[in-house]
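Written below as structure tokens is the structure these notes are about.
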Amino acid sequence: MLATTAIQAFVVSVLLVVVTSALSSMFFSKKWDPRGKHCFVTGGSRGTGLALAILLARRGAHVSIVARDKLKLDKGLEELERVRQSPEQIFHAFSFSVDSEAESVAALSAAAEAHDGRCPDALFLCAGASRPGFFIDQTEESFKAGIQMTLGAQAFTALAATKMMVRQGIKGKIVFVSSVLGLMSFVGYTPYSPGKFAIRGLAESLRSELKVYGIDVHVAFPATILSPGLDEENEVKPKITLKIEETDSGSPPEDIAAGILRGVEKGTFHITMDFLGDVFRATAACASPRQNPVLDILYGLIGFVGLPFWRRLVDTQVIGHQEEHREYCRAKGYVS
């Protein structure tokens, strides 16, 4: 009897914590507003980065976009001007490769110059690219390049920004963009997923560490984005990977950008934008802060029941590809 009472008390306590947390997040949390803030967007010349930059400009933010291609940046700057909300807004485009600390420092310094040397208030790290392929096709150089295009393209900007924010005492935001392939993965993504998983790990560590300085950290996990980058990766994507993804309709960059900004405004740490993303996120959350404790229990249960069936389906498709892959390996000279 005493044990039953203790269990009941424990269950009631847990429910109270869950309900209180949910109500607090719904009614008492103050939303972040980008208006008047300087937002720095890497990968800002196209796709999700540009869509986010446009959305931030529409919301009254000062926006700096950074990418390698000067011509695309100039076109992006024209897009920002079209949605200008006030003459006080400051828009700039900077051509830098942000996959090193030195280049990231240079990009941040250039962006800060128009703001009296002050570090941007929020960084949206959208830079990165995917070059899918089989692991057996990789060399040391290509594998390192894959990590550099995913993890390096965001980690070094975060490093440079952290130092600048701490030095200047800025309580800002760092927003990483991982991928749903940073929560799970399958054949064809060995050059890509390791870096996206690593971004999650970096965000988890930084979220804890940067609380000391009042800097918020977020990480987004978008699924397939209908962008020029997708067209480029599909050109080199293995057939089996395309087969597994054939039912994935994808989402336009504008929807992904809106989902990311919505999550940042709410103060969400793990940001997902659709039902499947929510299921993967809730199932893989471990000790990470939850978006909504009540809903995440439901998403977690759905994942617990449904994802093993999904994985079995994927594995069946991969096994069915064995003979075709053997022919591929013979043609490549990997086997005799």
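Here's how to read the names in the structure tokens: chain A, B, ... by the order shown, residue numbers from 1 in each chain, ligand numbers from 1 in the order shown.
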
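Contact shell of Leu261 in chain A at 9 Å (only C-alpha atoms; same-chain neighbours under 5 positions omitted): Leu52, Leu55, Leu56, Ile256 and Lys266 of chain A.
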
Tell me which protein, DNA and RNA residues are within 8 Å of range 206-222 of chain A, counting only C-alpha atoms, leaving out same-chain ones fewer than 3 positions away, and put them as a ChimeraX atom specification. /A:166,169-183,200,202-203,225,256,260,264,267-273,277

Please indicate the distance in Å from CA of Asp69 in chain A to CA of Ala153 in chain A, rounded to one decimal place.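 Interatomic distance here is 14.9 Å.
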
Given only C-alpha atoms as the basis, pick out the residue of A:Val98, A:Ala223, A:His325, A:Glu245 nearest to Gly259 in chain A.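 Selected residue with least distance to Gly259 in chain A: A:Ala223.
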
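CA of Asp278 in chain A is positioned 13.0 Å from CA of Gly306 in chain A.
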
Write out as a PyMOL selection string the residues lying within 10 Å of range 134-140 of chain A, counting only C-alpha atoms and excluding same-chain residues fewer than 2 positions away. chain A and resi 132+142-146+187-191+237-238+241+329+332+334

Residues near Leu226 in chain A, anyone? I mean within 10 Å using only C-alpha atoms, not counting same-chain ones fewer than 5 positions away, as a list of chain:residue names. A:Gly47, A:Thr48, A:Asp231, A:Ser249, A:Gly250, A:Ser251, A:Pro252, A:Pro253, A:Glu254, A:Ile256

So which residues touch Phe96 in chain A within 12 Å, counting only C-alpha atoms, skipping near sequence neighbours fewer than 2 positions away, as an mmCIF file with N, CA and C atoms, in the first residue's frame?
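Printed below is selection13.cif as written:
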data_model
loop_
_atom_site.group_PDB
_atom_site.id
_atom_site.type_symbol
_atom_site.label_atom_id
_atom_site.label_comp_id
_atom_site.auth_asym_id
_atom_site.auth_seq_id
_atom_site.Cartn_x
_atom_site.Cartn_y
_atom_site.Cartn_z
ATOM 1 N N VAL A 41 23.923 36.144 -41.514
ATOM 2 C CA VAL A 41 23.465 34.889 -42.114
ATOM 3 C C VAL A 41 24.532 34.338 -43.052
ATOM 4 N N THR A 42 25.091 33.175 -42.711
ATOM 5 C CA THR A 42 26.045 32.536 -43.626
ATOM 6 C C THR A 42 25.266 31.631 -44.588
ATOM 7 N N GLY A 43 25.862 31.388 -45.752
ATOM 8 C CA GLY A 43 25.109 30.686 -46.792
ATOM 9 C C GLY A 43 23.937 31.539 -47.246
ATOM 10 N N GLY A 44 24.124 32.852 -47.180
ATOM 11 C CA GLY A 44 23.020 33.782 -47.381
ATOM 12 C C GLY A 44 22.752 34.192 -48.809
ATOM 13 N N SER A 45 23.396 33.560 -49.774
ATOM 14 C CA SER A 45 23.211 33.977 -51.164
ATOM 15 C C SER A 45 22.115 33.203 -51.888
ATOM 16 N N ILE A 65 24.538 39.292 -45.131
ATOM 17 C CA ILE A 65 24.602 37.957 -45.720
ATOM 18 C C ILE A 65 26.031 37.666 -46.159
ATOM 19 N N VAL A 66 26.441 36.423 -45.965
ATOM 20 C CA VAL A 66 27.809 36.020 -46.268
ATOM 21 C C VAL A 66 27.786 34.737 -47.091
ATOM 22 N N ALA A 67 28.570 34.698 -48.141
ATOM 23 C CA ALA A 67 28.726 33.492 -48.966
ATOM 24 C C ALA A 67 29.964 33.703 -49.834
ATOM 25 N N ARG A 68 30.270 32.740 -50.681
ATOM 26 C CA ARG A 68 31.464 32.855 -51.521
ATOM 27 C C ARG A 68 31.197 33.604 -52.823
ATOM 28 N N ASP A 69 30.032 33.347 -53.429
ATOM 29 C CA ASP A 69 29.740 33.836 -54.780
ATOM 30 C C ASP A 69 29.282 35.290 -54.744
ATOM 31 N N LYS A 70 30.120 36.195 -55.214
ATOM 32 C CA LYS A 70 29.822 37.639 -55.172
ATOM 33 C C LYS A 70 28.596 37.991 -56.010
ATOM 34 N N LEU A 73 25.515 36.976 -54.202
ATOM 35 C CA LEU A 73 25.342 37.865 -53.049
ATOM 36 C C LEU A 73 24.720 39.193 -53.473
ATOM 37 N N ALA A 93 26.336 42.669 -47.953
ATOM 38 C CA ALA A 93 26.715 41.334 -48.424
ATOM 39 C C ALA A 93 28.236 41.246 -48.445
ATOM 40 N N PHE A 94 28.759 40.119 -47.970
ATOM 41 C CA PHE A 94 30.207 39.951 -47.869
ATOM 42 C C PHE A 94 30.617 38.604 -48.446
ATOM 43 N N VAL A 98 33.667 30.768 -45.037
ATOM 44 C CA VAL A 98 33.641 30.765 -43.574
ATOM 45 C C VAL A 98 34.023 29.420 -42.956
ATOM 46 N N ASP A 99 34.713 28.557 -43.723
ATOM 47 C CA ASP A 99 35.089 27.264 -43.161
ATOM 48 C C ASP A 99 36.473 27.275 -42.508
ATOM 49 N N SER A 100 36.893 28.464 -42.066
ATOM 50 C CA SER A 100 38.107 28.590 -41.254
ATOM 51 C C SER A 100 37.869 29.723 -40.259
ATOM 52 N N GLU A 101 38.600 29.690 -39.147
ATOM 53 C CA GLU A 101 38.414 30.736 -38.144
ATOM 54 C C GLU A 101 38.858 32.098 -38.695
ATOM 55 N N ALA A 102 39.961 32.125 -39.429
ATOM 56 C CA ALA A 102 40.481 33.397 -39.952
ATOM 57 C C ALA A 102 39.469 34.077 -40.873
ATOM 58 N N GLU A 103 38.899 33.299 -41.802
ATOM 59 C CA GLU A 103 37.901 33.863 -42.720
ATOM 60 C C GLU A 103 36.636 34.277 -41.973
ATOM 61 N N SER A 104 36.253 33.502 -40.961
ATOM 62 C CA SER A 104 35.068 33.830 -40.166
ATOM 63 C C SER A 104 35.268 35.111 -39.377
ATOM 64 N N VAL A 105 36.467 35.270 -38.822
ATOM 65 C CA VAL A 105 36.791 36.512 -38.110
ATOM 66 C C VAL A 105 36.718 37.694 -39.064
ATOM 67 N N ALA A 106 37.264 37.523 -40.272
ATOM 68 C CA ALA A 106 37.241 38.605 -41.270
ATOM 69 C C ALA A 106 35.815 38.958 -41.664
ATOM 70 N N ALA A 107 34.970 37.939 -41.852
ATOM 71 C CA ALA A 107 33.573 38.180 -42.232
ATOM 72 C C ALA A 107 32.822 38.908 -41.127
ATOM 73 N N LEU A 108 33.016 38.476 -39.884
ATOM 74 C CA LEU A 108 32.337 39.125 -38.754
ATOM 75 C C LEU A 108 32.819 40.560 -38.558
ATOM 76 N N SER A 109 34.106 40.768 -38.727
ATOM 77 C CA SER A 109 34.665 42.122 -38.578
ATOM 78 C C SER A 109 34.120 43.057 -39.647
ATOM 79 N N ALA A 110 34.008 42.542 -40.882
ATOM 80 C CA ALA A 110 33.462 43.360 -41.972
ATOM 81 C C ALA A 110 32.000 43.704 -41.702
ATOM 82 N N ALA A 111 31.239 42.731 -41.213
ATOM 83 C CA ALA A 111 29.823 42.979 -40.917
ATOM 84 C C ALA A 111 29.659 43.946 -39.752
ATOM 85 N N ALA A 127 25.468 27.960 -43.800
ATOM 86 C CA ALA A 127 26.476 27.532 -44.780
ATOM 87 C C ALA A 127 26.676 26.021 -44.710
ATOM 88 N N ALA A 153 31.989 24.510 -41.906
ATOM 89 C CA ALA A 153 31.317 25.693 -42.454
ATOM 90 C C ALA A 153 30.505 26.439 -41.405
ATOM 91 N N THR A 157 32.649 29.719 -37.676
ATOM 92 C CA THR A 157 31.930 30.982 -37.493
ATOM 93 C C THR A 157 31.441 31.094 -36.055
#

Please identify the strand (DSSP E) residues within range 37-182 of chain A (assignment by DSSP from backbone atoms) and present them as a short mmCIF file (atom, residue, chain, number, x, y, z; two decimals) with N, CA and C atoms, in the first residue's frame.
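Written out: states.cif:
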data_model
loop_
_atom_site.label_atom_id
_atom_site.label_comp_id
_atom_site.auth_asym_id
_atom_site.auth_seq_id
_atom_site.Cartn_x
_atom_site.Cartn_y
_atom_site.Cartn_z
N HIS A 38 20.96 43.20 -35.39
CA HIS A 38 21.84 42.87 -36.51
C HIS A 38 21.94 41.36 -36.63
N CYS A 39 21.43 40.81 -37.73
CA CYS A 39 21.43 39.37 -37.96
C CYS A 39 22.42 39.03 -39.07
N PHE A 40 23.28 38.08 -38.79
CA PHE A 40 24.38 37.66 -39.66
C PHE A 40 24.04 36.28 -40.19
N VAL A 41 23.92 36.14 -41.51
CA VAL A 41 23.47 34.89 -42.11
C VAL A 41 24.53 34.34 -43.05
N THR A 42 25.09 33.17 -42.71
CA THR A 42 26.04 32.54 -43.63
C THR A 42 25.27 31.63 -44.59
N HIS A 62 18.44 44.43 -39.18
CA HIS A 62 19.59 44.74 -40.02
C HIS A 62 20.17 43.38 -40.42
N VAL A 63 20.52 43.21 -41.68
CA VAL A 63 20.94 41.88 -42.15
C VAL A 63 22.26 41.96 -42.91
N SER A 64 23.17 41.07 -42.52
CA SER A 64 24.41 40.87 -43.27
C SER A 64 24.40 39.44 -43.81
N ILE A 65 24.54 39.29 -45.13
CA ILE A 65 24.60 37.96 -45.72
C ILE A 65 26.03 37.67 -46.16
N VAL A 66 26.44 36.42 -45.97
CA VAL A 66 27.81 36.02 -46.27
C VAL A 66 27.79 34.74 -47.09
N ALA A 67 28.57 34.70 -48.14
CA ALA A 67 28.73 33.49 -48.97
C ALA A 67 29.96 33.70 -49.83
N PHE A 91 21.70 46.83 -44.72
CA PHE A 91 21.90 45.56 -45.42
C PHE A 91 23.28 45.55 -46.06
N HIS A 92 23.99 44.45 -45.87
CA HIS A 92 25.30 44.30 -46.50
C HIS A 92 25.49 42.86 -46.94
N ALA A 93 26.34 42.67 -47.95
CA ALA A 93 26.71 41.33 -48.42
C ALA A 93 28.24 41.25 -48.44
N PHE A 94 28.76 40.12 -47.97
CA PHE A 94 30.21 39.95 -47.87
C PHE A 94 30.62 38.60 -48.45
N SER A 95 31.65 38.63 -49.28
CA SER A 95 32.14 37.41 -49.90
C SER A 95 33.32 36.85 -49.10
N ALA A 122 22.65 38.22 -33.64
CA ALA A 122 22.21 36.84 -33.90
C ALA A 122 22.91 36.31 -35.14
N LEU A 123 23.41 35.09 -35.04
CA LEU A 123 24.06 34.45 -36.18
C LEU A 123 23.23 33.25 -36.61
N PHE A 124 22.89 33.22 -37.89
CA PHE A 124 22.16 32.10 -38.47
C PHE A 124 23.12 31.38 -39.41
N LEU A 125 23.57 30.21 -38.99
CA LEU A 125 24.65 29.50 -39.69
C LEU A 125 24.06 28.49 -40.66
N LYS A 173 22.58 35.42 -29.95
CA LYS A 173 22.10 34.09 -30.32
C LYS A 173 23.00 33.48 -31.40
N ILE A 174 23.22 32.19 -31.29
CA ILE A 174 23.91 31.43 -32.33
C ILE A 174 22.98 30.31 -32.75
N VAL A 175 22.61 30.31 -34.03
CA VAL A 175 21.65 29.34 -34.54
C VAL A 175 22.34 28.45 -35.57
N PHE A 176 22.51 27.18 -35.23
CA PHE A 176 23.09 26.21 -36.16
C PHE A 176 21.99 25.59 -37.02
N VAL A 177 22.35 25.21 -38.22
CA VAL A 177 21.43 24.45 -39.08
C VAL A 177 22.06 23.10 -39.37
#

CA of Lys31 in chain A to CA of Ser86 in chain A measures 21.9 Å

Would you give me, as JSON, numbers by chain, the residues in range 210-321 of chain A that DSSP reads as alpha helix (DSSP H)? {"A": [228, 229, 230, 231, 232, 233, 234, 239, 240, 241, 242, 243, 244, 253, 254, 255, 256, 257, 258, 259, 260, 261, 262, 263, 264, 265, 266, 275, 276, 277, 278, 279, 280, 281, 282, 283, 284, 293, 294, 295, 296, 297, 298, 299, 300, 301, 302, 303, 304, 305, 306, 307, 308, 309, 310, 311, 312, 313, 314, 315, 316, 317, 318, 319, 320]}
